[in-house]
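So this block is final_19.txt, compact mmCIF, C-alpha atoms:
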```
# COMPACT_ATOMS: atom_id res chain seq x y z
CA MET A 1 10.70 -58.02 -75.88
CA PRO A 2 10.62 -54.65 -77.70
CA SER A 3 13.79 -53.67 -79.48
CA THR A 4 16.05 -51.01 -78.00
CA PRO A 5 15.32 -47.59 -79.55
CA PRO A 6 18.00 -46.36 -81.95
CA LEU A 7 20.43 -43.94 -80.35
CA ASP A 8 20.15 -40.37 -81.60
CA LEU A 9 22.78 -38.45 -79.64
CA ASP A 10 21.89 -35.04 -81.00
CA ARG A 11 18.26 -35.57 -80.01
CA LEU A 12 19.24 -36.77 -76.53
CA HIS A 13 21.49 -33.77 -76.02
CA HIS A 14 18.72 -31.41 -77.10
CA ASP A 15 15.89 -33.02 -75.15
CA ILE A 16 17.74 -33.41 -71.85
CA THR A 17 19.37 -29.97 -71.85
CA THR A 18 16.07 -28.33 -72.85
CA TRP A 19 14.34 -30.12 -69.98
CA PHE A 20 17.08 -28.94 -67.62
CA THR A 21 16.69 -25.32 -68.70
CA ALA A 22 12.99 -25.49 -67.82
CA GLU A 23 13.01 -27.82 -64.80
CA GLY A 24 16.46 -27.65 -63.21
CA ARG A 25 16.63 -26.42 -59.62
CA ASP A 26 17.71 -22.85 -58.96
CA LEU A 27 20.74 -23.63 -56.81
CA PRO A 28 23.11 -20.86 -55.74
CA TRP A 29 26.25 -22.64 -56.92
CA ARG A 30 24.72 -22.79 -60.41
CA SER A 31 24.36 -19.02 -60.60
CA PRO A 32 26.64 -17.25 -63.11
CA GLN A 33 27.61 -14.97 -60.24
CA CYS A 34 28.87 -17.85 -58.09
CA SER A 35 32.64 -17.91 -57.73
CA ALA A 36 34.82 -20.89 -58.52
CA TRP A 37 35.38 -21.19 -54.78
CA GLY A 38 31.62 -21.41 -54.23
CA VAL A 39 31.41 -24.22 -56.78
CA MET A 40 34.34 -25.99 -55.14
CA VAL A 41 32.76 -25.78 -51.68
CA SER A 42 29.49 -27.14 -53.06
CA GLU A 43 31.24 -30.10 -54.67
CA PHE A 44 32.95 -31.01 -51.39
CA MET A 45 29.69 -30.73 -49.45
CA LEU A 46 27.56 -32.61 -51.98
CA GLN A 47 29.67 -35.76 -51.81
CA GLN A 48 27.23 -38.40 -50.47
CA THR A 49 25.03 -35.63 -49.03
CA PRO A 50 21.66 -34.44 -50.43
CA VAL A 51 21.13 -30.88 -51.64
CA VAL A 52 18.51 -30.08 -48.99
CA ARG A 53 21.05 -30.61 -46.21
CA VAL A 54 23.87 -28.84 -48.02
CA LEU A 55 22.04 -25.60 -48.90
CA PRO A 56 21.90 -23.88 -45.47
CA VAL A 57 25.44 -24.96 -44.57
CA TRP A 58 26.82 -23.80 -47.94
CA GLU A 59 25.12 -20.42 -47.60
CA GLU A 60 26.49 -19.83 -44.10
CA TRP A 61 29.92 -21.10 -45.14
CA MET A 62 30.09 -18.70 -48.07
CA ARG A 63 28.95 -15.80 -45.91
CA ARG A 64 31.70 -16.57 -43.41
CA TRP A 65 34.44 -17.69 -45.80
CA PRO A 66 33.75 -16.17 -49.22
CA ASP A 67 37.16 -17.10 -50.64
CA PRO A 68 39.99 -19.56 -49.98
CA ALA A 69 42.06 -16.99 -48.07
CA ALA A 70 39.29 -16.44 -45.52
CA LEU A 71 39.07 -20.15 -44.74
CA ALA A 72 42.84 -20.64 -44.82
CA ALA A 73 43.20 -18.09 -42.03
CA GLU A 74 40.84 -19.99 -39.71
CA PRO A 75 41.65 -22.88 -37.35
CA SER A 76 40.59 -26.20 -38.82
CA GLY A 77 38.33 -26.77 -35.84
CA GLU A 78 36.13 -23.86 -36.87
CA ALA A 79 35.57 -25.46 -40.26
CA VAL A 80 34.70 -28.78 -38.62
CA ARG A 81 32.28 -26.99 -36.28
CA ALA A 82 30.64 -25.13 -39.19
CA TRP A 83 30.35 -28.41 -41.11
CA GLY A 84 27.62 -29.33 -38.67
CA ARG A 85 25.77 -32.55 -39.43
CA LEU A 86 26.69 -32.91 -43.09
CA GLY A 87 28.57 -36.10 -42.23
CA TYR A 88 32.03 -37.28 -43.22
CA PRO A 89 33.66 -34.29 -41.46
CA ARG A 90 37.08 -35.15 -42.83
CA ARG A 91 35.83 -33.32 -45.91
CA ALA A 92 35.95 -30.11 -43.85
CA LEU A 93 39.57 -30.76 -42.92
CA ARG A 94 40.51 -31.50 -46.52
CA LEU A 95 38.75 -28.34 -47.69
CA CYS A 96 40.77 -26.31 -45.17
CA GLU A 97 43.97 -27.90 -46.40
CA ALA A 98 42.97 -27.25 -50.01
CA ALA A 99 42.24 -23.58 -49.22
CA ARG A 100 45.69 -23.16 -47.71
CA ARG A 101 47.30 -24.82 -50.71
CA ILE A 102 45.35 -22.53 -53.07
CA VAL A 103 46.61 -19.49 -51.15
CA GLU A 104 50.20 -20.75 -51.11
CA GLU A 105 50.46 -22.07 -54.66
CA HIS A 106 47.75 -20.36 -56.73
CA ASP A 107 47.66 -16.81 -55.37
CA GLY A 108 44.36 -17.49 -53.65
CA GLN A 109 42.52 -18.40 -56.86
CA VAL A 110 40.94 -21.83 -57.46
CA PRO A 111 42.85 -23.38 -60.38
CA SER A 112 40.90 -24.35 -63.46
CA SER A 113 42.82 -27.34 -64.81
CA PRO A 114 41.94 -30.86 -63.62
CA ALA A 115 45.64 -31.60 -63.10
CA ASP A 116 46.10 -28.66 -60.70
CA LEU A 117 42.84 -29.48 -58.96
CA LEU A 118 43.80 -33.13 -58.50
CA ALA A 119 46.92 -31.99 -56.65
CA LEU A 120 44.77 -30.37 -53.96
CA PRO A 121 43.82 -32.26 -50.77
CA GLY A 122 40.42 -33.92 -50.94
CA VAL A 123 40.03 -33.57 -54.72
CA GLY A 124 39.53 -36.76 -56.69
CA SER A 125 38.88 -37.30 -60.37
CA TYR A 126 35.14 -36.56 -60.16
CA THR A 127 35.56 -33.38 -58.10
CA ALA A 128 38.36 -32.09 -60.36
CA ALA A 129 36.25 -32.62 -63.48
CA ALA A 130 33.17 -31.07 -61.87
CA ILE A 131 34.98 -27.91 -60.74
CA SER A 132 36.67 -27.50 -64.14
CA CYS A 133 33.32 -27.91 -65.88
CA PHE A 134 30.87 -26.07 -63.63
CA ALA A 135 33.17 -23.27 -62.46
CA PHE A 136 35.23 -22.66 -65.60
CA GLY A 137 33.16 -24.05 -68.47
CA LEU A 138 35.76 -26.62 -69.48
CA PRO A 139 34.17 -29.61 -71.26
CA GLU A 140 35.43 -32.30 -68.89
CA THR A 141 33.51 -35.56 -68.64
CA VAL A 142 31.72 -35.49 -65.29
CA VAL A 143 30.42 -38.80 -63.90
CA ASP A 144 28.65 -39.09 -60.56
CA THR A 145 26.18 -41.68 -59.27
CA ASN A 146 23.18 -39.90 -60.80
CA ILE A 147 24.82 -39.69 -64.21
CA ARG A 148 25.89 -43.33 -64.08
CA ARG A 149 22.31 -44.39 -63.29
CA VAL A 150 20.86 -42.40 -66.21
CA HIS A 151 23.46 -43.87 -68.57
CA ALA A 152 22.76 -47.39 -67.28
CA ARG A 153 19.03 -47.13 -67.94
CA LEU A 154 18.91 -44.89 -70.99
CA ILE A 155 21.74 -46.50 -72.94
CA SER A 156 22.59 -49.89 -71.43
CA GLY A 157 19.11 -51.00 -70.40
CA HIS A 158 20.07 -51.86 -66.82
CA ALA A 159 18.08 -50.83 -63.75
CA LEU A 160 21.20 -49.67 -61.94
CA PRO A 161 24.83 -48.93 -62.79
CA GLU A 162 27.53 -51.34 -61.65
CA PRO A 163 28.29 -51.36 -57.91
CA SER A 164 31.51 -49.46 -58.56
CA HIS A 165 32.54 -47.23 -61.43
CA THR A 166 33.95 -49.33 -64.28
CA ALA A 167 36.17 -48.52 -67.24
CA ALA A 168 33.28 -49.39 -69.57
CA GLU A 169 31.08 -46.81 -67.84
CA ALA A 170 33.82 -44.20 -68.16
CA ARG A 171 34.14 -44.91 -71.89
CA LEU A 172 30.38 -44.67 -72.36
CA ALA A 173 30.26 -41.32 -70.56
CA ALA A 174 33.02 -39.96 -72.78
CA GLU A 175 31.26 -41.22 -75.92
CA LEU A 176 28.02 -39.52 -74.91
CA MET A 177 29.61 -36.08 -74.45
CA PRO A 178 28.61 -33.46 -77.03
CA ALA A 179 31.28 -32.32 -79.47
CA THR A 180 33.01 -29.07 -78.62
CA GLU A 181 34.05 -27.80 -82.05
CA ASP A 182 31.08 -25.47 -82.55
CA ASP A 183 30.59 -23.90 -79.13
CA GLY A 184 33.81 -24.50 -77.21
CA GLY A 185 32.15 -26.83 -74.74
CA THR A 186 29.04 -24.90 -73.70
CA LEU A 187 26.69 -27.75 -74.61
CA ALA A 188 29.03 -30.32 -73.04
CA CYS A 189 28.95 -28.54 -69.69
CA ALA A 190 25.18 -28.12 -69.89
CA TRP A 191 24.87 -31.83 -70.70
CA ASN A 192 26.83 -32.80 -67.58
CA ALA A 193 24.61 -30.68 -65.35
CA ALA A 194 21.40 -31.75 -67.11
CA VAL A 195 22.03 -35.51 -66.90
CA MET A 196 23.03 -35.17 -63.25
CA GLU A 197 19.80 -33.29 -62.53
CA LEU A 198 17.74 -35.82 -64.47
CA GLY A 199 19.14 -38.57 -62.26
CA ALA A 200 18.54 -36.58 -59.08
CA LEU A 201 14.94 -35.56 -59.82
CA ILE A 202 13.45 -38.02 -62.33
CA CYS A 203 15.59 -41.10 -62.91
CA THR A 204 15.97 -41.80 -59.20
CA ALA A 205 17.27 -45.04 -57.77
CA ARG A 206 14.10 -46.31 -56.06
CA SER A 207 11.09 -44.63 -57.65
CA PRO A 208 11.92 -43.32 -61.13
CA ARG A 209 9.29 -40.97 -62.53
CA CYS A 210 9.43 -42.29 -66.07
CA GLY A 211 6.20 -40.52 -67.05
CA GLN A 212 7.96 -37.17 -66.54
CA CYS A 213 11.21 -38.11 -68.26
CA PRO A 214 11.98 -36.08 -71.41
CA VAL A 215 13.67 -39.06 -73.08
CA SER A 216 11.50 -41.97 -71.93
CA GLY A 217 10.82 -42.87 -75.56
CA SER A 218 14.54 -43.46 -76.11
CA CYS A 219 15.16 -45.38 -72.88
CA ALA A 220 16.61 -48.88 -73.34
CA TRP A 221 15.53 -49.91 -69.84
CA ILE A 222 11.89 -49.03 -70.52
CA ALA A 223 12.10 -50.78 -73.91
CA ARG A 224 13.28 -53.94 -72.14
CA GLY A 225 10.31 -53.87 -69.78
CA LYS A 226 12.15 -52.33 -66.82
CA PRO A 227 14.03 -55.44 -65.69
CA GLU A 228 15.05 -55.73 -62.04
CA PRO A 229 18.64 -54.87 -61.05
CA HIS A 230 21.21 -57.50 -61.98
CA TYR A 231 22.54 -57.42 -58.41
CA THR A 232 21.18 -56.60 -54.96
CA PRO A 233 22.29 -53.15 -53.83
CA LYS A 234 23.82 -53.06 -50.37
CA GLY A 235 22.75 -50.13 -48.24
CA GLN A 236 25.05 -48.44 -45.79
CA PRO A 237 24.06 -49.26 -42.19
CA TRP A 238 24.10 -46.51 -39.61
CA ALA A 239 22.64 -47.66 -36.30
CA GLY A 240 25.27 -49.22 -34.08
CA THR A 241 28.17 -48.47 -36.42
CA ASP A 242 31.41 -46.69 -35.62
CA ARG A 243 30.21 -43.89 -37.91
CA GLN A 244 27.24 -43.29 -35.62
CA VAL A 245 29.40 -43.21 -32.50
CA ARG A 246 32.01 -40.98 -34.11
CA GLY A 247 29.27 -38.63 -35.29
CA ALA A 248 27.82 -38.41 -31.76
CA MET A 249 31.26 -37.65 -30.33
CA MET A 250 31.82 -34.95 -32.94
CA ALA A 251 28.44 -33.42 -32.02
CA VAL A 252 29.62 -33.09 -28.42
CA LEU A 253 32.89 -31.44 -29.45
CA ARG A 254 31.13 -29.05 -31.84
CA ALA A 255 28.70 -27.99 -29.11
CA SER A 256 31.44 -27.42 -26.53
CA ASP A 257 33.62 -24.36 -26.07
CA GLU A 258 35.73 -26.15 -23.45
CA PRO A 259 37.88 -29.31 -23.63
CA GLN A 260 36.07 -32.53 -22.80
CA GLN A 261 37.60 -35.28 -20.70
CA PRO A 262 38.00 -38.66 -22.42
CA GLU A 263 36.07 -40.34 -19.61
CA ALA A 264 33.01 -38.23 -20.41
CA LEU A 265 33.14 -39.18 -24.09
CA LEU A 266 33.48 -42.87 -23.23
CA ALA A 267 30.73 -42.98 -20.60
CA THR A 268 27.78 -45.29 -21.25
CA GLY A 269 24.27 -45.61 -19.86
CA PRO A 270 21.48 -43.09 -19.25
CA ALA A 271 22.73 -39.52 -19.19
CA GLU A 272 21.80 -37.16 -16.41
CA SER A 273 19.25 -34.59 -17.48
CA GLY A 274 20.91 -31.23 -17.90
CA SER A 275 19.77 -27.74 -18.66
CA GLY A 276 18.72 -28.58 -22.21
CA THR A 277 21.66 -26.86 -23.89
CA ASP A 278 23.04 -28.15 -27.19
CA LEU A 279 25.94 -29.67 -25.25
CA ASP A 280 23.62 -31.46 -22.81
CA LEU A 281 21.54 -32.87 -25.67
CA ALA A 282 24.66 -34.00 -27.54
CA PHE A 283 25.94 -35.79 -24.44
CA GLN A 284 22.58 -37.47 -23.89
CA LYS A 285 22.57 -38.82 -27.45
CA LEU A 286 26.14 -40.05 -27.15
CA GLN A 287 25.80 -41.72 -23.78
CA THR A 288 22.60 -43.58 -24.63
CA LEU A 289 24.00 -45.17 -27.79
CA PRO A 290 24.21 -48.99 -27.56
CA ALA A 291 28.00 -48.98 -27.87
CA ASP A 292 30.34 -50.55 -25.34
CA VAL A 293 33.51 -48.95 -24.00
CA GLU A 294 35.67 -50.85 -26.48
CA GLN A 295 33.78 -49.43 -29.47
CA ARG A 296 33.73 -45.94 -27.97
CA SER A 297 37.46 -46.09 -27.31
CA ARG A 298 38.11 -47.23 -30.87
CA CYS A 299 36.00 -44.39 -32.25
CA LEU A 300 37.67 -41.74 -30.11
CA ALA A 301 41.11 -43.02 -31.11
CA GLY A 302 40.04 -42.85 -34.76
CA LEU A 303 38.96 -39.22 -34.42
CA LEU A 304 42.35 -38.34 -32.94
CA VAL A 305 44.25 -40.20 -35.64
CA ASP A 306 42.17 -38.54 -38.39
CA GLY A 307 42.87 -35.10 -36.96
CA LEU A 308 39.19 -34.39 -36.32
CA ALA A 309 39.95 -34.04 -32.61
CA VAL A 310 43.09 -33.21 -30.65
CA GLU A 311 44.06 -34.13 -27.10
CA SER A 312 46.00 -32.00 -24.65
CA GLY A 313 46.48 -31.96 -20.92
CA ALA A 314 43.20 -30.05 -20.60
CA GLY A 315 41.18 -32.61 -22.54
CA ILE A 316 39.87 -33.21 -26.07
CA THR A 317 38.74 -30.47 -28.44
CA LEU A 318 38.24 -29.82 -32.12
CA PRO A 319 41.54 -29.13 -33.94
CA HIS A 320 43.08 -25.71 -33.38
```

Transcribe the structure of this file into structure tokens.
Amino acid sequence: MPSTPPLDLDRLHHDITTWFTAEGRDLPWRSPQCSAWGVMVSEFMLQQTPVVRVLPVWEEWMRRWPDPAALAAEPSGEAVRAWGRLGYPRRALRLCEAARRIVEEHDGQVPSSPADLLALPGVGSYTAAAISCFAFGLPETVVDTNIRRVHARLISGHALPEPSHTAAEARLAAELMPATEDDGGTLACAWNAAVMELGALICTARSPRCGQCPVSGSCAWIARGKPEPHYTPKGQPWAGTDRQVRGAMMAVLRASDEPQQPEALLATGPAESGSGTDLDLAFQKLQTLPADVEQRSRCLAGLLVDGLAVESGAGITLPH
């Protein structure tokens, strides 16, 4: 087996960031003109959601709510409705709560420090580091799934990162960060974005395009002969799950301007053909799902508990 190429950090930093400058996607939240709020909204939306689905929703969101104060003044249900089909709609609720907290505690301005960001609803360690880095140029160590996969292959020689983020992976990411003494962190922030983009476009999970990789000659995984993953990845099922049923119920509530009766949301079997409105289509998809009344009841109760729906004497709606 060929030996692992010697690690030249300066060369890696140069080659990957140079590739990113030439090949990185022109995304609106990467623009120098994008506000910190725009970056924050993008980070919430991009959690477990591909860029192609996020782009139109982000653009409409920023047109409608260009700053935290604009969103904070809206009912939470409007944010959930505007979230559309991005999935995991609790992110919309948390973003509303975070906007209100920013208005109340930070004079309407997104804070720059990871500590202040971590205190906001819906912000975890990754999101705090990403906002600090990409919105404010602070050289925080950013580690998402794409970055972990690049590190696993390029440095560790594994086909995939560990199933969950480990302390060893966190240490490796910190060790790979460029020094900040000379430029105050400019290269470090570029490195974070560049490695993330490399993982998203080239070093993908299923079909890596090694022939187009700017650092393929330094890759430990290639040097080892591209061994198979050391575990079998488990995909996330969708069909028949509570997530699918909850999503179909949320689609009905988003399409409706009037409260819906619980009985309608729990109904099973073929739906009557309606007038072809968005609400009719949403009901048809919900009612034809292979989910029994017990599962539907559990899903509706979960939406109410999570605050994604509210119930009154008139029926069930998005939160006010």

With distances taken over all atoms listed in the file, which of A:Ser35, A:Thr17, A:Thr166, A:Thr180 is nearest to Val110 of chain A? A:Ser35

Of the residues A:Gln48, A:Ser297, A:Ser164, A:Asn192, which is the one nearest to Arg246 of chain A, using all atoms listed in the file?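 Among A:Gln48, A:Ser297, A:Ser164, A:Asn192, it is A:Ser297 that comes nearest to Arg246 of chain A.
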
Å distance separating atom CA of Leu46 of chain A from atom CA of Leu86 of chain A, one decimal place: 8.9 Å

Nearby residues, (31.8, -39.8, -23.5) file frame, 8 Å, only C-alpha atoms, as number ranges by chain: A: 249, 261-268, 283, 286-287, 296

Nearby residues, (40.8, -23.3, -68.6) file frame, 8 Å, all atoms listed in the file, as a PDB file with C-alpha atoms, keeping the file's coordinate frame:
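Result file point_10.pdb:
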```pdb
ATOM      1  CA  SER A 112      40.900 -24.350 -63.460  1.00  0.00           C
ATOM      2  CA  SER A 113      42.820 -27.340 -64.810  1.00  0.00           C
ATOM      3  CA  SER A 132      36.670 -27.500 -64.140  1.00  0.00           C
ATOM      4  CA  PHE A 136      35.230 -22.660 -65.600  1.00  0.00           C
ATOM      5  CA  GLY A 137      33.160 -24.050 -68.470  1.00  0.00           C
ATOM      6  CA  LEU A 138      35.760 -26.620 -69.480  1.00  0.00           C
TER       7      LEU A 138
END
```

Pick out the residues sitting within 12 Å of Asp26 of chain A, and hand them over as a VMD selection string; count all atoms listed in the file, and ignore anything fewer than 6 positions along from it in its own chain. chain A and resid 20 32 51 55 197

Can you list, as a PyMOL selection string, every protein, DNA or RNA residue that comes within 12 Å of Gly122 of chain A when you count only C-alpha atoms, leaving out same-chain residues fewer than 4 positions away? chain A and resi 40-41+43-45+47+88-99+101+117-118+126-128

Contacts of Met62 of chain A at 12 Å (all atoms listed in the file; same-chain gap of 6+ positions) as a VMD selection string: chain A and resid 28 to 29 34 to 42 54 to 56 68 70 to 71 79 82 to 83

Counting only C-alpha atoms, figure out which residue out of A:Leu160, A:Ala179, A:Ala193, A:Ala301 gets nearest to Tyr231 of chain A.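 The closest residue to Tyr231 of chain A is A:Leu160.
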
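Here the question is which of A:Ala159, A:Ala190, A:Val150, A:Ala170 gets nearest to Cys133 of chain A using only C-alpha atoms, and that residue is A:Ala190.
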
If I take atom CA of Thr232 of chain A and atom CA of Leu201 of chain A, how far is one from the other in Å, to one decimal?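 For atom CA of Thr232 of chain A relative to atom CA of Leu201 of chain A, the distance reads 22.5 Å.
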
Which distance in Å separates atom CA of Val103 of chain A and atom CA of Gly302 of chain A, to one decimal?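 About the pair atom CA of Val103 of chain A and atom CA of Gly302 of chain A: they are 29.3 Å apart.
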